[in-house]
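**Student:** Input structure: structure-v4.txt, which contains compact mmCIF, C-alpha atoms.
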# COMPACT_ATOMS: atom_id res chain seq x y z
CA MET A 1 0.00 0.00 0.00
CA ARG A 2 2.75 2.48 0.93
CA ARG A 3 4.58 1.63 -2.33
CA THR A 4 1.40 2.29 -4.33
CA ALA A 5 0.94 5.64 -2.61
CA THR A 6 4.58 6.57 -3.29
CA VAL A 7 4.26 5.69 -6.97
CA LEU A 8 1.02 7.66 -7.32
CA LEU A 9 2.48 10.72 -5.64
CA ALA A 10 5.60 10.48 -7.81
CA VAL A 11 3.46 10.35 -10.94
CA ILE A 12 1.36 13.30 -9.75
CA THR A 13 4.51 15.31 -8.99
CA GLY A 14 5.95 14.52 -12.42
CA ILE A 15 2.74 15.45 -14.21
CA CYS A 16 2.34 18.67 -12.24
CA SER A 17 5.96 19.60 -12.98
CA ALA A 18 5.38 18.99 -16.69
CA THR A 19 2.22 21.10 -16.48
CA ALA A 20 4.16 23.96 -14.92
CA VAL A 21 6.73 23.82 -17.72
CA THR A 22 3.93 23.90 -20.31
CA ALA A 23 2.29 26.85 -18.56
CA ILE A 24 5.58 28.80 -18.61
CA ALA A 25 5.90 28.13 -22.31
CA HIS A 26 2.56 29.85 -23.01
CA ALA A 27 4.35 33.12 -23.59
CA ALA A 28 5.29 31.60 -26.96
CA PRO A 29 2.63 30.81 -29.59
CA VAL A 30 0.58 27.72 -28.78
CA THR A 31 0.93 24.80 -31.18
CA GLY A 32 -1.15 21.74 -31.81
CA LYS A 33 1.57 19.72 -30.06
CA ASP A 34 1.10 21.85 -26.92
CA VAL A 35 -2.63 21.07 -26.90
CA ALA A 36 -2.00 17.35 -27.50
CA ALA A 37 0.64 17.20 -24.74
CA ALA A 38 -1.68 18.87 -22.23
CA GLY A 39 -4.46 16.46 -23.20
CA ALA A 40 -2.11 13.50 -22.72
CA GLN A 41 -1.20 14.75 -19.24
CA LEU A 42 -4.91 15.03 -18.39
CA SER A 43 -5.48 11.46 -19.60
CA ALA A 44 -2.57 10.27 -17.44
CA LEU A 45 -4.10 11.92 -14.37
CA ASN A 46 -7.48 10.30 -15.06
CA ARG A 47 -5.70 6.93 -15.42
CA GLN A 48 -4.05 7.39 -12.03
CA LEU A 49 -7.43 8.24 -10.55
CA ASP A 50 -8.85 5.00 -12.02
CA LEU A 51 -6.13 3.02 -10.23
CA LEU A 52 -6.81 4.86 -6.99
CA VAL A 53 -10.56 4.26 -7.18
CA GLU A 54 -9.95 0.54 -7.74
CA ARG A 55 -7.61 0.36 -4.72
CA TYR A 56 -10.16 2.26 -2.61
CA ASP A 57 -12.99 -0.10 -3.61
CA GLN A 58 -10.91 -3.18 -2.72
CA GLU A 59 -9.86 -1.72 0.65
CA GLN A 60 -13.52 -0.90 1.38
CA VAL A 61 -14.52 -4.53 0.68
CA ALA A 62 -11.72 -5.76 2.99
CA LEU A 63 -12.79 -3.36 5.73
CA GLN A 64 -16.41 -4.53 5.59
CA ALA A 65 -15.30 -8.17 5.85
CA THR A 66 -13.03 -7.35 8.82
CA GLN A 67 -15.82 -5.47 10.58
CA GLN A 68 -18.17 -8.44 10.12
CA ARG A 69 -15.56 -10.83 11.58
CA LEU A 70 -14.96 -8.39 14.44
CA ALA A 71 -18.67 -8.36 15.29
CA THR A 72 -18.70 -12.19 15.29
CA GLU A 73 -15.69 -12.37 17.63
CA GLN A 74 -17.22 -9.76 19.93
CA ARG A 75 -20.39 -11.85 20.22
CA ALA A 76 -18.27 -14.96 20.93
CA ALA A 77 -16.31 -13.08 23.60
CA SER A 78 -19.53 -11.91 25.27
CA LEU A 79 -20.96 -15.47 25.28
CA ALA A 80 -17.70 -16.93 26.64
CA GLN A 81 -17.60 -14.28 29.35
CA SER A 82 -21.14 -15.19 30.44
CA GLU A 83 -20.21 -18.88 30.54
CA ALA A 84 -17.06 -18.11 32.54
CA VAL A 85 -19.04 -16.05 35.08
CA ALA A 86 -21.58 -18.86 35.48
CA ALA A 87 -18.85 -21.51 35.86
CA ARG A 88 -16.97 -19.47 38.46
CA ALA A 89 -20.22 -18.87 40.37
CA LEU A 90 -20.94 -22.62 40.46
CA LEU A 91 -17.40 -23.34 41.63
CA ALA A 92 -17.69 -20.71 44.36
CA SER A 93 -21.04 -22.06 45.56
CA ARG A 94 -19.62 -25.60 45.85
CA ALA A 95 -16.59 -24.31 47.74
CA ALA A 96 -18.86 -22.42 50.15
CA ALA A 97 -20.96 -25.53 50.71
CA VAL A 98 -17.85 -27.56 51.54
CA TYR A 99 -16.60 -24.87 53.91
CA GLU A 100 -19.93 -24.58 55.72
CA GLY A 101 -20.37 -28.36 55.82
CA GLY A 102 -24.01 -28.26 54.75
CA ALA A 103 -26.02 -31.26 53.65
CA GLY A 104 -24.84 -32.58 50.32
CA SER A 105 -21.47 -30.88 50.69
CA GLY A 106 -18.20 -32.64 50.08
CA ILE A 107 -17.52 -32.92 53.82
CA ASP A 108 -20.99 -34.35 54.45
CA VAL A 109 -20.40 -36.96 51.73
CA LEU A 110 -17.04 -37.95 53.23
CA LEU A 111 -18.36 -38.17 56.80
CA GLY A 112 -21.08 -40.53 55.63
CA ALA A 113 -18.53 -43.19 54.65
CA THR A 114 -19.04 -46.56 56.37
CA SER A 115 -15.64 -48.09 55.58
CA LEU A 116 -12.15 -47.16 54.41
CA ALA A 117 -12.96 -48.40 50.89
CA ASP A 118 -16.18 -46.43 50.90
CA LEU A 119 -14.29 -43.34 52.12
CA ASN A 120 -11.75 -43.75 49.32
CA GLN A 121 -14.51 -43.99 46.71
CA ARG A 122 -16.31 -40.94 48.13
CA LEU A 123 -13.05 -38.97 48.20
CA GLN A 124 -12.43 -39.79 44.54
CA PHE A 125 -15.99 -38.68 43.70
CA VAL A 126 -15.61 -35.36 45.56
CA ASN A 127 -12.25 -34.72 43.86
CA ALA A 128 -13.74 -35.54 40.45
CA VAL A 129 -16.63 -33.11 41.00
CA ALA A 130 -14.24 -30.37 42.13
CA GLN A 131 -11.92 -30.97 39.17
CA SER A 132 -14.85 -30.93 36.75
CA ASP A 133 -16.02 -27.57 38.12
CA THR A 134 -12.46 -26.19 37.87
CA ASP A 135 -12.02 -27.47 34.30
CA THR A 136 -15.35 -25.93 33.24
CA ALA A 137 -14.37 -22.56 34.67
CA ASN A 138 -10.91 -22.73 33.07
CA ARG A 139 -12.31 -23.65 29.64
CA ALA A 140 -14.80 -20.81 29.76
CA GLN A 141 -12.11 -18.38 30.78
CA SER A 142 -9.80 -19.62 27.99
CA SER A 143 -12.58 -19.18 25.43
CA GLU A 144 -13.16 -15.66 26.67
CA ILE A 145 -9.45 -14.81 26.42
CA ARG A 146 -9.16 -16.27 22.88
CA ALA A 147 -12.21 -14.35 21.69
CA GLN A 148 -10.92 -11.13 23.23
CA GLU A 149 -7.50 -11.62 21.61
CA ALA A 150 -9.13 -12.26 18.20
CA GLY A 151 -11.25 -9.16 18.66
CA THR A 152 -8.15 -7.13 19.50
CA ARG A 153 -6.36 -8.35 16.36
CA LEU A 154 -9.36 -7.58 14.17
CA SER A 155 -9.73 -4.14 15.74
CA ARG A 156 -6.11 -3.42 14.85
CA THR A 157 -6.68 -4.66 11.28
CA ALA A 158 -9.78 -2.48 10.96
CA ALA A 159 -7.80 0.52 12.23
CA VAL A 160 -5.06 -0.11 9.64
CA LEU A 161 -7.64 -0.37 6.86
CA GLN A 162 -9.32 2.83 8.05
CA GLY A 163 -5.94 4.55 7.93
CA GLU A 164 -5.30 3.28 4.40
CA LEU A 165 -8.73 4.48 3.27
CA SER A 166 -8.01 7.89 4.78
CA SER A 167 -4.69 8.01 2.93
CA LEU A 168 -6.40 7.07 -0.34
CA ARG A 169 -8.98 9.80 0.18
CA ASN A 170 -6.18 12.32 0.68
CA GLN A 171 -4.44 11.13 -2.50
CA LYS A 172 -7.76 11.38 -4.31
CA GLY A 173 -8.01 15.03 -3.28
CA GLU A 174 -4.52 15.74 -4.60
CA ILE A 175 -5.23 14.05 -7.94
CA LEU A 176 -8.59 15.80 -8.31
CA ALA A 177 -6.90 19.17 -7.67
CA SER A 178 -4.32 18.32 -10.35
CA ILE A 179 -7.09 17.25 -12.75
CA ASP A 180 -8.92 20.55 -12.20
CA GLN A 181 -5.72 22.50 -12.91
CA GLN A 182 -4.93 20.41 -15.97
CA GLN A 183 -8.47 20.74 -17.34
CA ALA A 184 -8.22 24.52 -16.98
CA LEU A 185 -4.86 24.43 -18.77
CA VAL A 186 -6.24 22.32 -21.63
CA HIS A 187 -9.20 24.68 -22.07
CA SER A 188 -6.86 27.68 -22.03
CA LEU A 189 -4.52 26.13 -24.60
CA LYS A 190 -7.39 25.19 -26.90
CA ASP A 191 -8.81 28.71 -26.65
CA GLN A 192 -5.43 30.30 -27.42
CA PHE A 193 -4.79 27.88 -30.27
CA ALA A 194 -8.23 28.60 -31.79
CA LYS A 195 -7.63 32.35 -31.56
CA GLN A 196 -4.21 31.98 -33.18
CA GLN A 197 -5.71 29.91 -36.01
CA ALA A 198 -8.45 32.49 -36.54
CA ALA A 199 -5.87 35.29 -36.60
CA ALA A 200 -3.70 33.34 -39.05
CA LEU A 201 -6.68 32.73 -41.35
CA ALA A 202 -7.63 36.41 -41.19
CA ALA A 203 -4.06 37.45 -42.03
CA ALA A 204 -3.95 34.98 -44.89
CA ALA A 205 -7.23 36.34 -46.25
CA ALA A 206 -5.94 39.92 -46.03
CA ARG A 207 -2.78 38.96 -47.89
CA ALA A 208 -4.85 37.25 -50.58
CA VAL A 209 -7.00 40.38 -51.05
CA ALA A 210 -3.88 42.57 -51.31
CA ALA A 211 -2.31 40.22 -53.84
CA LYS A 212 -5.51 40.19 -55.88
CA ALA A 213 -5.60 44.00 -56.00
CA ALA A 214 -1.90 44.21 -56.98
CA THR A 215 -2.32 41.78 -59.86
CA ALA A 216 -5.73 42.91 -61.15
CA ALA A 217 -4.51 42.78 -64.76
CA ALA A 218 -3.24 39.25 -64.41
CA ALA A 219 -5.21 36.08 -64.04
CA GLN A 220 -7.19 36.04 -60.84
CA PRO A 221 -5.37 33.93 -58.26
CA PRO A 222 -7.34 31.16 -56.64
CA ALA A 223 -9.17 32.21 -53.53
CA PRO A 224 -8.18 30.58 -50.31
CA ALA A 225 -10.06 27.35 -49.85
CA PRO A 226 -12.67 27.62 -47.12
CA THR A 227 -12.09 25.62 -43.98
CA PRO A 228 -14.18 22.48 -44.32
CA SER A 229 -17.02 22.23 -41.82
CA PRO A 230 -17.14 19.20 -39.59
CA THR A 231 -19.27 16.37 -40.85
CA GLY A 232 -22.37 15.42 -38.95
CA GLY A 233 -21.90 12.64 -36.49
CA GLY A 234 -24.78 10.23 -36.57
CA GLY A 235 -25.75 8.42 -33.43
CA GLY A 236 -25.64 5.06 -35.16
CA GLY A 237 -29.33 4.41 -34.41
CA PRO A 238 -30.77 2.69 -31.35
CA PRO A 239 -28.69 0.08 -29.53
CA PRO A 240 -29.12 -3.49 -30.72
CA PRO A 241 -31.67 -5.48 -28.75
CA PRO A 242 -29.96 -7.21 -25.82
CA PRO A 243 -30.39 -10.95 -25.23
CA SER A 244 -33.23 -12.12 -23.04
CA GLY A 245 -32.89 -13.04 -19.39
CA GLY A 246 -30.69 -11.39 -16.78
CA ALA A 247 -28.39 -9.80 -19.37
CA SER A 248 -31.26 -7.87 -20.95
CA VAL A 249 -32.29 -6.54 -17.55
CA ALA A 250 -28.71 -5.46 -16.73
CA VAL A 251 -28.26 -3.75 -20.13
CA ALA A 252 -31.61 -1.97 -19.84
CA ALA A 253 -30.64 -0.80 -16.36
CA ALA A 254 -27.31 0.56 -17.68
CA PHE A 255 -29.07 2.45 -20.48
CA SER A 256 -31.51 3.93 -17.95
CA VAL A 257 -28.75 5.75 -16.05
CA ILE A 258 -26.90 7.29 -19.00
CA GLY A 259 -26.11 10.87 -18.00
CA VAL A 260 -25.79 10.14 -14.26
CA PRO A 261 -22.58 11.82 -13.01
CA TYR A 262 -19.42 9.94 -12.09
CA GLN A 263 -19.08 9.64 -8.31
CA TRP A 264 -16.03 8.30 -6.45
CA GLY A 265 -17.10 5.03 -4.75
CA GLY A 266 -20.68 5.53 -6.01
CA SER A 267 -23.19 2.76 -6.71
CA ASP A 268 -26.53 4.60 -6.62
CA PRO A 269 -28.30 6.34 -9.55
CA LYS A 270 -29.46 9.08 -7.15
CA THR A 271 -25.89 10.14 -6.27
CA GLY A 272 -23.65 8.75 -9.02
CA PHE A 273 -21.46 5.80 -10.03
CA ASP A 274 -17.84 4.83 -10.38
CA CYS A 275 -17.07 2.17 -13.01
CA SER A 276 -17.49 -0.98 -10.89
CA GLY A 277 -20.36 0.62 -8.95
CA LEU A 278 -22.27 0.98 -12.25
CA THR A 279 -21.77 -2.64 -13.34
CA MET A 280 -22.54 -3.91 -9.81
CA TRP A 281 -25.80 -1.91 -9.73
CA ALA A 282 -26.86 -2.84 -13.27
CA TRP A 283 -26.50 -6.59 -12.64
CA ALA A 284 -28.10 -6.27 -9.20
CA GLN A 285 -31.30 -5.26 -11.05
CA ALA A 286 -31.16 -8.74 -12.61
CA GLY A 287 -30.65 -10.39 -9.20
CA ILE A 288 -26.90 -10.97 -9.61
CA SER A 289 -24.56 -9.84 -6.81
CA LEU A 290 -21.10 -8.54 -7.79
CA PRO A 291 -18.35 -7.01 -5.60
CA HIS A 292 -17.68 -3.27 -5.80
CA SER A 293 -14.28 -3.61 -7.51
CA ALA A 294 -13.30 -4.09 -11.17
CA ALA A 295 -10.52 -6.58 -10.33
CA LEU A 296 -12.73 -8.55 -7.91
CA GLN A 297 -15.54 -8.67 -10.48
CA TYR A 298 -13.14 -10.11 -13.08
CA ALA A 299 -11.95 -12.71 -10.55
CA SER A 300 -15.49 -13.75 -9.55
CA ILE A 301 -17.17 -14.42 -12.93
CA PRO A 302 -16.54 -16.81 -15.86
CA HIS A 303 -14.33 -15.30 -18.59
CA VAL A 304 -15.32 -15.11 -22.26
CA ASP A 305 -13.24 -14.54 -25.39
CA ARG A 306 -13.47 -11.19 -27.15
CA SER A 307 -14.96 -12.93 -30.20
CA GLN A 308 -17.81 -14.31 -28.04
CA LEU A 309 -18.92 -11.03 -26.44
CA GLN A 310 -22.68 -10.65 -25.91
CA PRO A 311 -24.71 -7.74 -24.52
CA GLY A 312 -24.49 -7.78 -20.74
CA ASP A 313 -20.91 -9.09 -20.62
CA LEU A 314 -18.41 -7.03 -18.65
CA VAL A 315 -15.30 -5.67 -20.41
CA PHE A 316 -12.17 -4.99 -18.34
CA TYR A 317 -9.23 -2.66 -18.91
CA TYR A 318 -5.57 -2.15 -18.00
CA SER A 319 -3.06 -4.29 -16.12
CA PRO A 320 -3.58 -4.44 -13.21
CA ILE A 321 -7.34 -4.31 -13.91
CA SER A 322 -8.74 -0.97 -12.75
CA HIS A 323 -11.68 -0.18 -15.05
CA VAL A 324 -14.82 -2.01 -16.22
CA GLY A 325 -17.78 -1.34 -18.52
CA ILE A 326 -20.88 -3.27 -19.59
CA TYR A 327 -20.96 -4.41 -23.23
CA VAL A 328 -24.20 -3.56 -25.08
CA GLY A 329 -23.40 -4.94 -28.55
CA GLY A 330 -22.10 -3.53 -31.82
CA GLY A 331 -18.66 -2.82 -30.32
CA MET A 332 -20.24 -0.39 -27.82
CA GLN A 333 -20.22 -0.30 -24.01
CA ILE A 334 -21.76 1.75 -21.21
CA ASP A 335 -19.36 2.91 -18.52
CA ALA A 336 -18.73 5.54 -15.86
CA PRO A 337 -15.46 7.03 -17.17
CA HIS A 338 -13.81 9.31 -14.61
CA THR A 339 -14.24 12.32 -12.37
CA GLY A 340 -16.07 15.09 -14.19
CA GLY A 341 -17.66 12.62 -16.59
CA PHE A 342 -21.06 10.96 -16.84
CA VAL A 343 -22.37 7.46 -17.49
CA GLN A 344 -22.17 7.17 -21.27
CA GLU A 345 -22.37 4.83 -24.26
CA VAL A 346 -19.02 4.74 -26.04
CA PRO A 347 -17.01 2.34 -28.23
CA VAL A 348 -15.09 -0.42 -26.46
CA SER A 349 -11.47 0.72 -26.00
CA TRP A 350 -9.77 -2.28 -27.58
CA SER A 351 -6.29 -0.80 -27.11
CA ALA A 352 -6.70 -0.99 -23.30
CA PHE A 353 -8.92 -4.14 -23.24
CA VAL A 354 -7.53 -7.06 -21.21
CA GLY A 355 -10.47 -9.43 -20.85
CA ALA A 356 -14.22 -9.99 -20.51
CA GLY A 357 -16.53 -11.93 -18.24
CA ARG A 358 -20.16 -13.04 -18.09
CA PRO A 359 -22.02 -12.77 -14.72
Turn this file's structure into structure tokens for me.
**Tutor:**
Amino acid sequence: MRRTATVLLAVITGICSATAVTAIAHAAPVTGKDVAAAGAQLSALNRQLDLLVERYDQEQVALQATQQRLATEQRAASLAQSEAVAARALLASRAAAVYEGGAGSGIDVLLGATSLADLNQRLQFVNAVAQSDTDTANRAQSSEIRAQEAGTRLSRTAAVLQGELSSLRNQKGEILASIDQQQALVHSLKDQFAKQQAAALAAAAARAVAAKAATAAAAQPPAPAPTPSPTGGGGGGPPPPPPSGGASVAVAAAFSVIGVPYQWGGSDPKTGFDCSGLTMWAWAQAGISLPHSAALQYASIPHVDRSQLQPGDLVFYYSPISHVGIYVGGGMQIDAPHTGGFVQEVPVSWSAFVGAGRP
């Protein structure tokens, strides 16, 4: 965990340093390479956030399991303590009866012996009863001690996990701050680059007009070609019908939350989703339980080959796995991308794809 945190902080520091260098260079004209470099730095930050979210989700699962075990051990300790108290009370009452010499006490039993053999047998019986009471009390006390020790160990584990989660939340804040700064830088660079392009086009047009006026007697030079307008991007029509059964329910659920904002650790359409929270929620609508972690989801379901993908299958990314989407057919998926984004339908990113699974 500490090594992961160190690596993340080193990456953040390196990216922020590179950002500062780029910002200083803004005194010079902005180029397309500047815009591309800033965009690449923003993508790197979002990738680091993906890794951090995955680590956070796994630590949260571990903490919940530890807390459940801790509650079980605490109940066992309470039961063992009650048994120990009862056993010690019984032992004390027998000792008092022997001391007072009441009827049925050990002394009364011994005094009732009619022969040496009978006395020996009665003595063995009294000793056996006393030893049994002592053993019962000792066993109960040992159970209580073991349960308390287990509870102490689990409490320490829970405290460590809480500390790690706190550290991850702090790292999340640092990365989010860097993402905000980088997004502002990207927007600024794009704006400057667009203004420079517009100014360059205007200057070129002015030069063309001047050249046309200077050579009016000659053949008219060709006018500058207009900048082509972007082509319309069709939506590709409605999504293909998903298969029947649980997969169709999960896919329909995923489509129903398109536009819901990305939320760190989220798994609720009212507040937002992270990537594994979305796939966990979508399949929960079909009655299938998945863990809130991309890597744990991949480990818990059967794997399918890329060529066998069907709507409803989960597609996983990066090594180690830290992102997941739900396949909806036609090479498309629905996923919760990253901070600042929304649940969306996008093409499967085959360049980062590492595997698929079918809940």
**Student:** So how many Å separate atom CA of A:Val304 and atom CA of A:Gln263, to one decimal?
**Tutor:**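 These two atoms are separated by 28.7 Å.
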**Student:** List as a PyMOL selection string the protein and nucleic acid residues near stretch 246-255 of chain A, meaning an atom at most 8 Å away when all atoms listed in the file are counted, but skip any in the same chain fewer than 4 places from it.
**Tutor:** chain A and resi 242+278-279+282-287+311-313+326-328+334
**Student:** Ranking A:Glu345, A:Asp335, A:Asp180, A:Glu164 by minimum distance to A:Glu59 and counting all atoms listed in the file, which one comes first?
**Tutor:**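 Closest residue, counting all atoms listed in the file: A:Glu164.
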**Student:** Given the choices A:Arg146, A:Arg69, A:Arg358, A:His323, which gets closest to A:Pro337 if the distance is worked out from only C-alpha atoms?
**Tutor:** A:His323
**Student:** Between A:Leu185, A:Leu90, A:Leu161, A:Ile301, single out the one closest to A:Arg55, counting only C-alpha atoms.
**Tutor:** A:Leu161
**Student:** Please report the interatomic distance between atom CA of A:Gly341 and atom CA of A:Ala295 in Å with one decimal.
**Tutor:** 21.4 Å
**Student:** State, in Å with one decimal place, the distance from atom CA of A:Ser300 to atom CA of A:Ala352.
**Tutor:**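 About the pair atom CA of A:Ser300 and atom CA of A:Ala352: they are 20.7 Å apart.
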**Student:** Using all atoms listed in the file for the distances, tell me which of A:Val348, A:Val257, A:Leu42, A:Leu296 is nearest to A:Gln333.
**Tutor:**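 Smallest separation from A:Gln333 among the options: A:Val348.
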**Student:** When you look at A:Ala77 with a cut-off of 9 Å (counting all atoms listed in the file), what residues show up, excluding the ones that are within fewer than 2 positions of it in the same chain? I need them as a ChimeraX atom specification.
**Tutor:** /A:72-75,79-82,143-148,151
**Student:** Closest to A:Gln68 among A:Pro347, A:Leu154, A:Leu309, A:Gly173, using all atoms listed in the file?
**Tutor:** A:Leu154
**Student:** Rank A:Thr31, A:Ala38, A:Gln141, A:Val346 by their smallest atom-to-atom distance to A:Ala84, using only C-alpha atoms, and report the top residue only.
**Tutor:**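 So, comparing all the options, the nearest one is A:Gln141.
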**Student:** Contacts of A:Trp281 at 10 Å or less, counting only C-alpha atoms, minus same-chain residues fewer than 6 places along, as a PyMOL selection string?
**Tutor:** chain A and resi 250+253-254+266-269+273+287-292
